[in-house]
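Pasting data11.txt here (compact mmCIF, C-alpha atoms and all ligand atoms):
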```
# COMPACT_ATOMS: atom_id res chain seq x y z
CA MET A 27 0.00 0.00 0.00
CA SER A 28 1.40 3.38 -0.82
CA ARG A 29 1.14 5.95 1.91
CA LYS A 30 0.49 9.66 1.64
CA LYS A 31 3.60 11.78 1.19
CA ILE A 32 3.47 14.83 3.41
CA ALA A 33 5.63 17.92 3.75
CA ALA A 34 4.52 19.97 6.75
CA ALA A 35 5.94 23.38 7.59
CA ASN A 36 6.15 24.54 11.18
CA TRP A 37 6.81 28.26 11.14
CA LYS A 38 6.88 28.30 14.97
CA MET A 39 6.92 31.85 16.48
CA ASN A 40 8.37 33.50 13.40
CA THR A 41 7.21 36.27 11.03
CA THR A 42 4.78 39.15 11.43
CA VAL A 43 1.45 38.81 9.60
CA GLU A 44 2.84 40.87 6.73
CA GLU A 45 5.97 38.72 6.48
CA GLY A 46 3.94 35.53 6.82
CA VAL A 47 1.57 36.51 4.02
CA ALA A 48 4.59 37.34 1.84
CA LEU A 49 6.07 33.92 2.67
CA TYR A 50 2.77 32.25 1.77
CA ASP A 51 2.67 34.17 -1.54
CA ALA A 52 6.26 33.19 -2.29
CA LEU A 53 5.47 29.54 -1.58
CA ASN A 54 2.42 29.70 -3.82
CA SER A 55 4.50 31.00 -6.68
CA GLN A 56 6.73 27.90 -6.49
CA THR A 57 6.00 24.72 -8.41
CA LEU A 58 4.89 22.17 -5.83
CA ASP A 59 4.67 18.48 -6.63
CA GLN A 60 0.95 17.66 -6.65
CA GLY A 61 1.68 14.18 -5.30
CA THR A 62 2.80 15.66 -1.97
CA ASP A 63 0.32 16.85 0.66
CA VAL A 64 1.59 20.26 1.76
CA VAL A 65 0.58 21.54 5.19
CA ILE A 66 1.67 24.90 6.58
CA CYS A 67 1.38 25.38 10.34
CA VAL A 68 1.51 29.13 10.72
CA PRO A 69 1.17 31.37 13.79
CA ALA A 70 -2.48 31.75 14.86
CA THR A 71 -2.44 35.49 14.13
CA HIS A 72 -1.76 34.74 10.45
CA LEU A 73 -4.48 32.17 9.85
CA TYR A 74 -7.30 34.48 8.81
CA ALA A 75 -5.27 36.44 6.28
CA ILE A 76 -3.67 33.33 4.81
CA ALA A 77 -6.98 31.43 4.71
CA GLN A 78 -8.47 34.21 2.54
CA LYS A 79 -5.71 33.70 0.01
CA ASN A 80 -5.72 29.94 0.29
CA GLU A 81 -9.30 29.37 -0.85
CA GLY A 82 -9.42 26.79 -3.60
CA LYS A 83 -5.70 26.04 -3.24
CA SER A 84 -4.23 22.62 -2.50
CA ILE A 85 -2.14 23.76 0.48
CA HIS A 86 -3.59 22.64 3.83
CA LEU A 87 -3.62 25.07 6.73
CA GLY A 88 -2.42 23.85 10.11
CA ALA A 89 -2.32 25.29 13.62
CA GLN A 90 0.60 24.88 15.99
CA ASN A 91 -1.54 24.64 19.11
CA PHE A 92 -5.07 24.65 20.54
CA TYR A 93 -6.80 23.97 23.83
CA PRO A 94 -8.85 20.79 24.27
CA ALA A 95 -12.15 22.39 25.28
CA GLU A 96 -15.17 23.58 23.28
CA LYS A 97 -15.13 27.12 24.70
CA GLY A 98 -15.14 29.03 27.95
CA ALA A 99 -12.83 30.51 30.55
CA PHE A 100 -9.42 29.59 29.15
CA THR A 101 -7.78 32.98 28.78
CA GLY A 102 -5.41 33.16 25.87
CA GLU A 103 -6.34 29.82 24.35
CA LEU A 104 -7.93 28.87 21.03
CA SER A 105 -10.60 26.22 20.49
CA PRO A 106 -10.84 23.78 17.59
CA ALA A 107 -13.97 25.57 16.33
CA MET A 108 -12.10 28.88 16.23
CA LEU A 109 -9.33 27.30 14.19
CA GLN A 110 -11.76 25.59 11.85
CA SER A 111 -13.53 28.88 11.29
CA VAL A 112 -10.31 30.09 9.65
CA GLY A 113 -9.80 27.03 7.50
CA VAL A 114 -7.53 24.91 9.69
CA SER A 115 -7.51 21.19 8.85
CA HIS A 116 -4.38 20.00 10.70
CA VAL A 117 -3.02 20.55 14.21
CA ILE A 118 0.40 19.82 15.68
CA ILE A 119 0.14 17.96 18.99
CA GLY A 120 3.00 17.06 21.33
CA HIS A 121 5.79 19.07 19.78
CA SER A 122 8.87 18.80 22.02
CA GLU A 123 8.81 22.59 22.55
CA ARG A 124 5.29 22.33 23.99
CA ARG A 125 6.29 19.34 26.10
CA GLN A 126 9.41 21.13 27.37
CA TYR A 127 8.39 24.79 27.79
CA PHE A 128 4.70 24.32 28.55
CA SER A 129 4.91 21.04 30.48
CA GLU A 130 2.45 19.21 28.23
CA SER A 131 2.33 15.63 29.50
CA ASN A 132 1.47 12.45 27.62
CA THR A 133 -1.91 12.45 29.40
CA PHE A 134 -2.71 16.05 28.47
CA LEU A 135 -1.64 15.31 24.91
CA ALA A 136 -4.11 12.43 24.86
CA GLU A 137 -6.86 14.95 25.71
CA LYS A 138 -5.77 17.14 22.81
CA LEU A 139 -5.70 14.13 20.52
CA LYS A 140 -9.23 13.15 21.56
CA MET A 141 -10.53 16.64 20.92
CA ALA A 142 -8.79 16.96 17.54
CA LEU A 143 -10.15 13.62 16.35
CA SER A 144 -13.66 14.39 17.55
CA LYS A 145 -13.57 17.60 15.48
CA ASN A 146 -12.09 15.98 12.37
CA LEU A 147 -8.87 17.92 12.65
CA THR A 148 -5.92 15.83 11.46
CA PRO A 149 -3.42 15.56 14.30
CA ILE A 150 0.29 15.63 13.54
CA PHE A 151 1.38 13.87 16.70
CA CYS A 152 5.04 14.45 17.62
CA CYS A 153 7.33 12.19 19.58
CA GLY A 154 11.07 12.07 20.06
CA GLU A 155 13.89 11.62 22.55
CA ALA A 156 16.45 13.97 24.09
CA LEU A 157 20.18 13.50 23.51
CA GLU A 158 20.87 11.80 26.88
CA ILE A 159 18.25 9.18 26.11
CA ARG A 160 19.81 8.45 22.73
CA LYS A 161 23.28 8.32 24.28
CA ALA A 162 22.01 5.73 26.74
CA GLY A 163 20.53 3.72 23.84
CA ASP A 164 17.01 4.02 25.26
CA GLN A 165 15.44 5.98 22.39
CA GLU A 166 13.07 3.30 21.12
CA ALA A 167 11.71 2.43 24.54
CA PHE A 168 11.25 6.14 25.28
CA VAL A 169 9.44 7.03 22.06
CA LEU A 170 7.21 3.95 22.12
CA ASN A 171 6.32 4.78 25.72
CA GLN A 172 5.27 8.31 24.66
CA LEU A 173 2.96 6.74 22.09
CA THR A 174 1.70 4.00 24.42
CA GLU A 175 0.72 6.53 27.10
CA SER A 176 -0.93 9.03 24.77
CA PHE A 177 -2.71 6.42 22.64
CA ALA A 178 -4.04 4.29 25.52
CA ASP A 179 -7.71 5.22 25.16
CA PHE A 180 -8.07 5.30 21.39
CA SER A 181 -9.71 2.88 19.03
CA ASP A 182 -7.84 1.54 16.03
CA GLU A 183 -10.20 3.55 13.86
CA ASP A 184 -9.25 6.77 15.73
CA LEU A 185 -5.55 6.07 15.38
CA SER A 186 -5.91 5.36 11.68
CA GLN A 187 -6.70 9.09 11.21
CA ILE A 188 -3.47 10.47 12.63
CA VAL A 189 -0.11 11.48 11.26
CA ILE A 190 2.95 10.86 13.43
CA ALA A 191 6.10 12.97 13.41
CA TYR A 192 9.30 11.55 14.87
CA GLU A 193 11.49 14.45 15.91
CA PRO A 194 14.64 13.65 17.88
CA ILE A 195 15.04 16.70 20.15
CA TRP A 196 18.79 16.78 19.59
CA ALA A 197 18.18 17.37 15.87
CA ILE A 198 15.65 20.20 16.15
CA GLY A 199 17.04 23.56 15.08
CA THR A 200 20.58 22.35 15.71
CA GLY A 201 21.72 21.61 12.18
CA GLU A 202 22.30 18.06 13.45
CA THR A 203 20.14 15.60 11.50
CA ALA A 204 19.45 12.00 12.40
CA SER A 205 21.18 9.90 9.77
CA PRO A 206 18.83 8.27 7.27
CA VAL A 207 19.62 4.96 8.99
CA GLN A 208 18.78 6.34 12.46
CA ALA A 209 15.54 7.82 11.11
CA GLN A 210 14.55 4.60 9.36
CA GLU A 211 15.30 2.50 12.48
CA MET A 212 12.96 4.60 14.61
CA HIS A 213 10.27 4.87 11.95
CA LEU A 214 10.26 1.12 11.54
CA ALA A 215 10.00 0.67 15.31
CA ILE A 216 7.04 3.07 15.37
CA ARG A 217 5.39 1.31 12.43
CA ASN A 218 5.81 -2.10 14.06
CA PHE A 219 4.35 -0.66 17.27
CA LEU A 220 1.33 0.63 15.32
CA LYS A 221 0.85 -2.72 13.57
CA LYS A 222 0.83 -4.49 16.93
CA ARG A 223 -1.27 -1.82 18.67
CA CYS A 224 -3.85 -1.58 15.84
CA SER A 225 -3.54 -3.87 12.86
CA GLU A 226 -1.17 -4.65 10.03
CA ALA A 227 -3.29 -2.56 7.63
CA ILE A 228 -3.51 0.50 9.91
CA GLY A 229 0.21 0.32 10.75
CA GLU A 230 0.94 0.31 7.03
CA LYS A 231 -1.36 3.28 6.40
CA ILE A 232 -0.33 5.82 9.06
CA PRO A 233 2.16 8.37 7.66
CA ILE A 234 5.25 8.84 9.82
CA LEU A 235 7.14 12.09 9.21
CA TYR A 236 10.68 12.89 10.23
CA GLY A 237 11.54 16.26 11.77
CA GLY A 238 14.81 17.81 12.85
CA SER A 239 16.98 20.02 10.60
CA VAL A 240 15.40 18.77 7.35
CA LYS A 241 16.84 20.81 4.49
CA PRO A 242 16.84 20.63 0.68
CA ALA A 243 20.29 19.00 0.90
CA ASN A 244 19.18 16.05 3.06
CA ALA A 245 15.44 15.70 2.36
CA LYS A 246 15.73 13.33 -0.60
CA GLU A 247 17.85 10.81 1.27
CA ILE A 248 15.72 10.91 4.40
CA PHE A 249 12.42 10.73 2.49
CA GLY A 250 13.86 7.87 0.46
CA GLN A 251 13.82 5.59 3.52
CA PRO A 252 11.05 2.99 3.31
CA ASP A 253 9.22 4.05 6.48
CA VAL A 254 9.74 7.81 6.21
CA ASP A 255 6.69 9.40 4.61
CA GLY A 256 7.76 13.02 4.69
CA GLY A 257 8.90 15.74 7.02
CA LEU A 258 7.89 18.29 9.62
CA VAL A 259 10.13 21.19 8.76
CA GLY A 260 10.97 24.17 10.97
CA GLY A 261 13.82 26.47 9.96
CA ALA A 262 13.93 25.53 6.27
CA SER A 263 10.19 26.19 5.88
CA LEU A 264 10.79 29.92 6.47
CA ASP A 265 12.30 30.15 3.02
CA ALA A 266 9.80 29.45 0.24
CA GLU A 267 12.33 28.12 -2.20
CA SER A 268 13.92 25.77 0.34
CA PHE A 269 10.56 24.46 1.48
CA ALA A 270 9.42 23.97 -2.14
CA GLN A 271 12.56 21.95 -2.79
CA ILE A 272 11.75 19.81 0.23
CA VAL A 273 8.15 19.34 -0.98
CA ASN A 274 9.61 18.18 -4.30
CA SER A 275 12.11 15.78 -2.71
CA PHE A 276 10.06 12.60 -2.94
CA SER A 277 11.30 10.35 -5.68
P1 LIG B 301 13.82 22.32 12.45
O1 LIG B 301 12.48 22.12 13.33
O2 LIG B 301 13.51 21.85 11.05
O3 LIG B 301 14.13 23.78 12.54
O4 LIG B 301 14.87 21.45 13.10
C1 LIG B 301 11.65 21.00 13.16
C2 LIG B 301 10.51 21.07 14.16
O5 LIG B 301 10.74 21.42 15.33
O6 LIG B 301 9.36 20.77 13.82
```

Show me this structure written as structure tokens.
Amino acid sequence: MSRKKIAAANWKMNTTVEEGVALYDALNSQTLDQGTDVVICVPATHLYAIAQKNEGKSIHLGAQNFYPAEKGAFTGELSPAMLQSVGVSHVIIGHSERRQYFSESNTFLAEKLKMALSKNLTPIFCCGEALEIRKAGDQEAFVLNQLTESFADFSDEDLSQIVIAYEPIWAIGTGETASPVQAQEMHLAIRNFLKKRCSEAIGEKIPILYGGSVKPANAKEIFGQPDVDGGLVGGASLDAESFAQIVNSFS
């Protein structure tokens, strides 16, 4: 079975609205391989303006965060309905920066996952180990435990709707990339976990993206690994030409 190929941009806390709209326009003027699903996760302040321009386009709009409640007294937070009202179809859940700086636990992430799925938002669920864990050789156990804890209460059908992103923390924004072999090893471990947890067919279907210093120069080799279905791209997505090259890196 061939899986979806996905290139997802994570602009993080970068660009003003004006700069973000210019970046969106620049990306739109690039030739993007129609066989790749392109998702851009932009700052929440940019969504409305970009959604206006994105009508009828094939680029999917993603949000970097949301709060798992319908509405109410959650000062500063955004609900799924708010995001959907500005055209959001994808949400990042469990990024290591949210886990680290905002103390988002596996249990809280499970709540976000439940809410996203119930609203038909496609979750891009991130996992990944810190450098000490890799140095100790415990990376697989650690990552599979993140997934086990957050996925505990979900049906196979629920899990079949998600996208996973493996992002080793030591490779995020550092210029240090996991080698294609290291990426493939972890992606295969995650896929085998999914096959056991759900079914052979669902494990085969769920796209697993790699994230961590993906650039035009390394994307082709990483995406060429059998269990790597694309990338979640930070730094290199802030340049339209670089991101377009990454989108076009599937052979
Ligand atoms: P990076 O970020 O590409 O800048 O390493 C990836 C991410 O954190 O999603």

Please, which residues in chain A fall within 10 Å of ligand LIG 301 (chain B) when counting all atoms listed in the file, and what is the closest atom pair and distance in Å to one decimal for each, ordered by chain then residue number, as a Markdown table?
```
| residue | atom | partner | partner_atom | distance |
| --- | --- | --- | --- | --- |
| A:Ala34 | CA | B:LIG301 | O6 | 8.6 |
| A:Ala35 | CA | B:LIG301 | O6 | 7.6 |
| A:Asn36 | CA | B:LIG301 | O6 | 5.6 |
| A:Trp37 | CA | B:LIG301 | O6 | 8.4 |
| A:Lys38 | CA | B:LIG301 | O5 | 7.9 |
| A:Cys67 | CA | B:LIG301 | O6 | 9.9 |
| A:Gln90 | CA | B:LIG301 | O6 | 9.9 |
| A:Ile118 | CA | B:LIG301 | O6 | 9.2 |
| A:His121 | CA | B:LIG301 | O5 | 7.1 |
| A:Ser122 | CA | B:LIG301 | O5 | 7.4 |
| A:Glu123 | CA | B:LIG301 | O5 | 7.6 |
| A:Cys152 | CA | B:LIG301 | O6 | 8.5 |
| A:Ala191 | CA | B:LIG301 | O6 | 8.5 |
| A:Tyr192 | CA | B:LIG301 | O6 | 9.3 |
| A:Glu193 | CA | B:LIG301 | C2 | 6.9 |
| A:Pro194 | CA | B:LIG301 | O5 | 9.1 |
| A:Ile195 | CA | B:LIG301 | O5 | 8.0 |
| A:Trp196 | CA | B:LIG301 | O4 | 8.9 |
| A:Ala197 | CA | B:LIG301 | O4 | 5.9 |
| A:Ile198 | CA | B:LIG301 | O4 | 3.4 |
| A:Gly199 | CA | B:LIG301 | O4 | 3.6 |
| A:Thr200 | CA | B:LIG301 | O4 | 6.3 |
| A:Gly201 | CA | B:LIG301 | O4 | 6.9 |
| A:Glu202 | CA | B:LIG301 | O4 | 8.2 |
| A:Thr203 | CA | B:LIG301 | O4 | 8.0 |
| A:Tyr236 | CA | B:LIG301 | C1 | 8.7 |
| A:Gly237 | CA | B:LIG301 | C1 | 4.9 |
| A:Gly238 | CA | B:LIG301 | O4 | 3.6 |
| A:Ser239 | CA | B:LIG301 | O4 | 3.6 |
| A:Val240 | CA | B:LIG301 | O2 | 5.2 |
| A:Lys241 | CA | B:LIG301 | O2 | 7.4 |
| A:Gly257 | CA | B:LIG301 | O6 | 8.5 |
| A:Leu258 | CA | B:LIG301 | O6 | 5.1 |
| A:Val259 | CA | B:LIG301 | O2 | 4.1 |
| A:Gly260 | CA | B:LIG301 | O2 | 3.4 |
| A:Gly261 | CA | B:LIG301 | O3 | 3.7 |
| A:Ala262 | CA | B:LIG301 | O2 | 6.0 |
| A:Ser263 | CA | B:LIG301 | O2 | 7.5 |
| A:Leu264 | CA | B:LIG301 | O3 | 9.3 |
```

Restricting it to C-alpha atoms, dump the selection as a PDB file, in the coordinates of the input.
```pdb
ATOM      1  CA  ALA A  34       4.520  19.970   6.750  1.00  0.00           C
ATOM      2  CA  ALA A  35       5.940  23.380   7.590  1.00  0.00           C
ATOM      3  CA  ASN A  36       6.150  24.540  11.180  1.00  0.00           C
ATOM      4  CA  TRP A  37       6.810  28.260  11.140  1.00  0.00           C
ATOM      5  CA  LYS A  38       6.880  28.300  14.970  1.00  0.00           C
ATOM      6  CA  CYS A  67       1.380  25.380  10.340  1.00  0.00           C
ATOM      7  CA  GLN A  90       0.600  24.880  15.990  1.00  0.00           C
ATOM      8  CA  ILE A 118       0.400  19.820  15.680  1.00  0.00           C
ATOM      9  CA  HIS A 121       5.790  19.070  19.780  1.00  0.00           C
ATOM     10  CA  SER A 122       8.870  18.800  22.020  1.00  0.00           C
ATOM     11  CA  GLU A 123       8.810  22.590  22.550  1.00  0.00           C
ATOM     12  CA  CYS A 152       5.040  14.450  17.620  1.00  0.00           C
ATOM     13  CA  ALA A 191       6.100  12.970  13.410  1.00  0.00           C
ATOM     14  CA  TYR A 192       9.300  11.550  14.870  1.00  0.00           C
ATOM     15  CA  GLU A 193      11.490  14.450  15.910  1.00  0.00           C
ATOM     16  CA  PRO A 194      14.640  13.650  17.880  1.00  0.00           C
ATOM     17  CA  ILE A 195      15.040  16.700  20.150  1.00  0.00           C
ATOM     18  CA  TRP A 196      18.790  16.780  19.590  1.00  0.00           C
ATOM     19  CA  ALA A 197      18.180  17.370  15.870  1.00  0.00           C
ATOM     20  CA  ILE A 198      15.650  20.200  16.150  1.00  0.00           C
ATOM     21  CA  GLY A 199      17.040  23.560  15.080  1.00  0.00           C
ATOM     22  CA  THR A 200      20.580  22.350  15.710  1.00  0.00           C
ATOM     23  CA  GLY A 201      21.720  21.610  12.180  1.00  0.00           C
ATOM     24  CA  GLU A 202      22.300  18.060  13.450  1.00  0.00           C
ATOM     25  CA  THR A 203      20.140  15.600  11.500  1.00  0.00           C
ATOM     26  CA  TYR A 236      10.680  12.890  10.230  1.00  0.00           C
ATOM     27  CA  GLY A 237      11.540  16.260  11.770  1.00  0.00           C
ATOM     28  CA  GLY A 238      14.810  17.810  12.850  1.00  0.00           C
ATOM     29  CA  SER A 239      16.980  20.020  10.600  1.00  0.00           C
ATOM     30  CA  VAL A 240      15.400  18.770   7.350  1.00  0.00           C
ATOM     31  CA  LYS A 241      16.840  20.810   4.490  1.00  0.00           C
ATOM     32  CA  GLY A 257       8.900  15.740   7.020  1.00  0.00           C
ATOM     33  CA  LEU A 258       7.890  18.290   9.620  1.00  0.00           C
ATOM     34  CA  VAL A 259      10.130  21.190   8.760  1.00  0.00           C
ATOM     35  CA  GLY A 260      10.970  24.170  10.970  1.00  0.00           C
ATOM     36  CA  GLY A 261      13.820  26.470   9.960  1.00  0.00           C
ATOM     37  CA  ALA A 262      13.930  25.530   6.270  1.00  0.00           C
ATOM     38  CA  SER A 263      10.190  26.190   5.880  1.00  0.00           C
ATOM     39  CA  LEU A 264      10.790  29.920   6.470  1.00  0.00           C
TER      40      LEU A 264
END
```

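For the atom pair formed by CA of Asn91 (chain A) and CA of Ile216 (chain A), the distance is 23.5 Å, given to one decimal.
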
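Atom pair CA of Ala167 (chain A) / CA of His213 (chain A) has a distance of 12.9 Å (rounded to one decimal).
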
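Between Val112 (chain A) and the candidates A:Ala99, A:Ser277, A:Pro94, A:Asn80, the tightest atom-to-atom separation, counting all atoms listed in the file, involves A:Asn80.
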
TODO: Choose the residue, out of A:Asn218, A:Ser129, A:Thr148, A:Gln165, that has the smallest atom-to-atom separation from Val65 (chain A); count all atoms listed in the file.
DONE: A:Thr148

Tell me which residues come within 10 Å of (-7.3, 29.0, 8.5), as a PDB file with C-alpha atoms, in the frame of the given file, counting all atoms listed in the file in the file's coordinates.
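File produced: result_25.pdb:
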```pdb
ATOM      1  CA  CYS A  67       1.380  25.380  10.340  1.00  0.00           C
ATOM      2  CA  VAL A  68       1.510  29.130  10.720  1.00  0.00           C
ATOM      3  CA  ALA A  70      -2.480  31.750  14.860  1.00  0.00           C
ATOM      4  CA  THR A  71      -2.440  35.490  14.130  1.00  0.00           C
ATOM      5  CA  HIS A  72      -1.760  34.740  10.450  1.00  0.00           C
ATOM      6  CA  LEU A  73      -4.480  32.170   9.850  1.00  0.00           C
ATOM      7  CA  TYR A  74      -7.300  34.480   8.810  1.00  0.00           C
ATOM      8  CA  ALA A  75      -5.270  36.440   6.280  1.00  0.00           C
ATOM      9  CA  ILE A  76      -3.670  33.330   4.810  1.00  0.00           C
ATOM     10  CA  ALA A  77      -6.980  31.430   4.710  1.00  0.00           C
ATOM     11  CA  GLN A  78      -8.470  34.210   2.540  1.00  0.00           C
ATOM     12  CA  LYS A  79      -5.710  33.700   0.010  1.00  0.00           C
ATOM     13  CA  ASN A  80      -5.720  29.940   0.290  1.00  0.00           C
ATOM     14  CA  GLU A  81      -9.300  29.370  -0.850  1.00  0.00           C
ATOM     15  CA  HIS A  86      -3.590  22.640   3.830  1.00  0.00           C
ATOM     16  CA  LEU A  87      -3.620  25.070   6.730  1.00  0.00           C
ATOM     17  CA  GLY A  88      -2.420  23.850  10.110  1.00  0.00           C
ATOM     18  CA  ALA A  89      -2.320  25.290  13.620  1.00  0.00           C
ATOM     19  CA  MET A 108     -12.100  28.880  16.230  1.00  0.00           C
ATOM     20  CA  LEU A 109      -9.330  27.300  14.190  1.00  0.00           C
ATOM     21  CA  GLN A 110     -11.760  25.590  11.850  1.00  0.00           C
ATOM     22  CA  SER A 111     -13.530  28.880  11.290  1.00  0.00           C
ATOM     23  CA  VAL A 112     -10.310  30.090   9.650  1.00  0.00           C
ATOM     24  CA  GLY A 113      -9.800  27.030   7.500  1.00  0.00           C
ATOM     25  CA  VAL A 114      -7.530  24.910   9.690  1.00  0.00           C
ATOM     26  CA  SER A 115      -7.510  21.190   8.850  1.00  0.00           C
ATOM     27  CA  HIS A 116      -4.380  20.000  10.700  1.00  0.00           C
TER      28      HIS A 116
END
```

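With CA of Gln172 (chain A) on one side and CA of Ser144 (chain A) on the other, the separation reads 21.1 Å.
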
Using the file's own x, y and z axes, so that the box edges lie along x, y and z, what centre and edge lengths in Å (one decimal) does a box around every listed atom of region 246-255 of chain A get when 8 Å is added on each side? Give it as AutoDock Vina command-line options.
```
--center_x 12.3 --center_y 8.2 --center_z 2.9 --size_x 27.2 --size_y 26.3 --size_z 23.1
```

- [ ] Tell me, as a list in words, which residues lie within 9 Å of Thr62 (chain A), counting all atoms listed in the file; anything in the same chain fewer than 5 positions away does not count.
- [x] Lys30, Lys31, Ile32, Ala33, Gly256, Val273, Asn274 and Phe276 of chain A

- [ ] Fewer than 6 positions away in the same chain doesn't count, so skip those; otherwise give me all residues within 9 Å of Gly120 (chain A), counting all atoms listed in the file, as a ChimeraX atom specification.
- [x] /A:130-132,135,138,150-153

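Of the residues listed (A:Arg29, A:Phe168, A:Leu143, A:Pro69), A:Pro69 shows the shortest atom-to-atom separation from Val47 (chain A); distances use all atoms listed in the file.
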
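Remark: for Gly250 (chain A), the closest of the candidate residues A:Leu185, A:Ala209, A:Leu104, A:Met141 is A:Ala209 (distances computed over only C-alpha atoms).
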
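Compared by their closest atoms to Tyr50 (chain A), and using only C-alpha atoms, the residues A:Val207, A:Ile228, A:Ile85, A:Ile190 rank with A:Ile85 nearest.
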
TODO: Identify which of the residues A:Thr42, A:Gln271, A:Ser55, A:Gln251 lies closest to Gln208 (chain A), counting all atoms listed in the file when measuring atom-to-atom distances.
DONE: A:Gln251

Residues of region 100-215 of chain A that approach region 221-227 of chain A to 10 Å or less, counting all atoms listed in the file: could you list each one with the shortest pair of atoms and its distance in Å to one decimal, rows by chain and increasing residue number, as JSON lines?
```
{"residue": "A:Thr174", "atom": "CA", "partner": "A:Arg223", "partner_atom": "CA", "distance": 8.7}
{"residue": "A:Phe177", "atom": "CA", "partner": "A:Arg223", "partner_atom": "CA", "distance": 9.3}
{"residue": "A:Ala178", "atom": "CA", "partner": "A:Arg223", "partner_atom": "CA", "distance": 9.6}
{"residue": "A:Phe180", "atom": "CA", "partner": "A:Cys224", "partner_atom": "CA", "distance": 9.8}
{"residue": "A:Ser181", "atom": "CA", "partner": "A:Cys224", "partner_atom": "CA", "distance": 8.0}
{"residue": "A:Asp182", "atom": "CA", "partner": "A:Cys224", "partner_atom": "CA", "distance": 5.1}
{"residue": "A:Glu183", "atom": "CA", "partner": "A:Cys224", "partner_atom": "CA", "distance": 8.4}
{"residue": "A:Asp184", "atom": "CA", "partner": "A:Cys224", "partner_atom": "CA", "distance": 9.9}
{"residue": "A:Leu185", "atom": "CA", "partner": "A:Cys224", "partner_atom": "CA", "distance": 7.9}
{"residue": "A:Ser186", "atom": "CA", "partner": "A:Cys224", "partner_atom": "CA", "distance": 8.3}
{"residue": "A:Ala215", "atom": "CA", "partner": "A:Lys221", "partner_atom": "CA", "distance": 9.9}
```

Restore N, CA and C atoms in region 140-152 of chain A and list the result as a compact mmCIF listing (two decimals), in the coordinates of the input.
```txt
# COMPACT_ATOMS: atom_id res chain seq x y z
N LYS A 140 -7.80 13.52 21.55
CA LYS A 140 -9.23 13.15 21.56
C LYS A 140 -10.06 14.28 20.96
N MET A 141 -9.77 15.49 21.40
CA MET A 141 -10.53 16.64 20.92
C MET A 141 -10.31 16.84 19.42
N ALA A 142 -9.08 16.75 18.97
CA ALA A 142 -8.79 16.96 17.54
C ALA A 142 -9.55 15.93 16.71
N LEU A 143 -9.49 14.68 17.13
CA LEU A 143 -10.15 13.62 16.35
C LEU A 143 -11.65 13.80 16.34
N SER A 144 -12.20 14.23 17.48
CA SER A 144 -13.66 14.39 17.55
C SER A 144 -14.13 15.54 16.66
N LYS A 145 -13.22 16.45 16.33
CA LYS A 145 -13.57 17.60 15.48
C LYS A 145 -13.10 17.42 14.03
N ASN A 146 -12.60 16.24 13.73
CA ASN A 146 -12.09 15.98 12.37
C ASN A 146 -10.93 16.87 11.97
N LEU A 147 -10.13 17.24 12.96
CA LEU A 147 -8.87 17.92 12.65
C LEU A 147 -7.81 16.83 12.56
N THR A 148 -6.95 16.87 11.56
CA THR A 148 -5.92 15.83 11.46
C THR A 148 -4.76 16.16 12.39
N PRO A 149 -4.52 15.28 13.38
CA PRO A 149 -3.42 15.56 14.30
C PRO A 149 -2.07 15.15 13.69
N ILE A 150 -1.10 16.02 13.83
CA ILE A 150 0.29 15.63 13.54
C ILE A 150 0.92 15.43 14.91
N PHE A 151 0.99 14.18 15.33
CA PHE A 151 1.38 13.87 16.70
C PHE A 151 2.89 13.65 16.78
N CYS A 152 3.57 14.51 17.56
CA CYS A 152 5.04 14.45 17.62
C CYS A 152 5.54 13.61 18.79
```
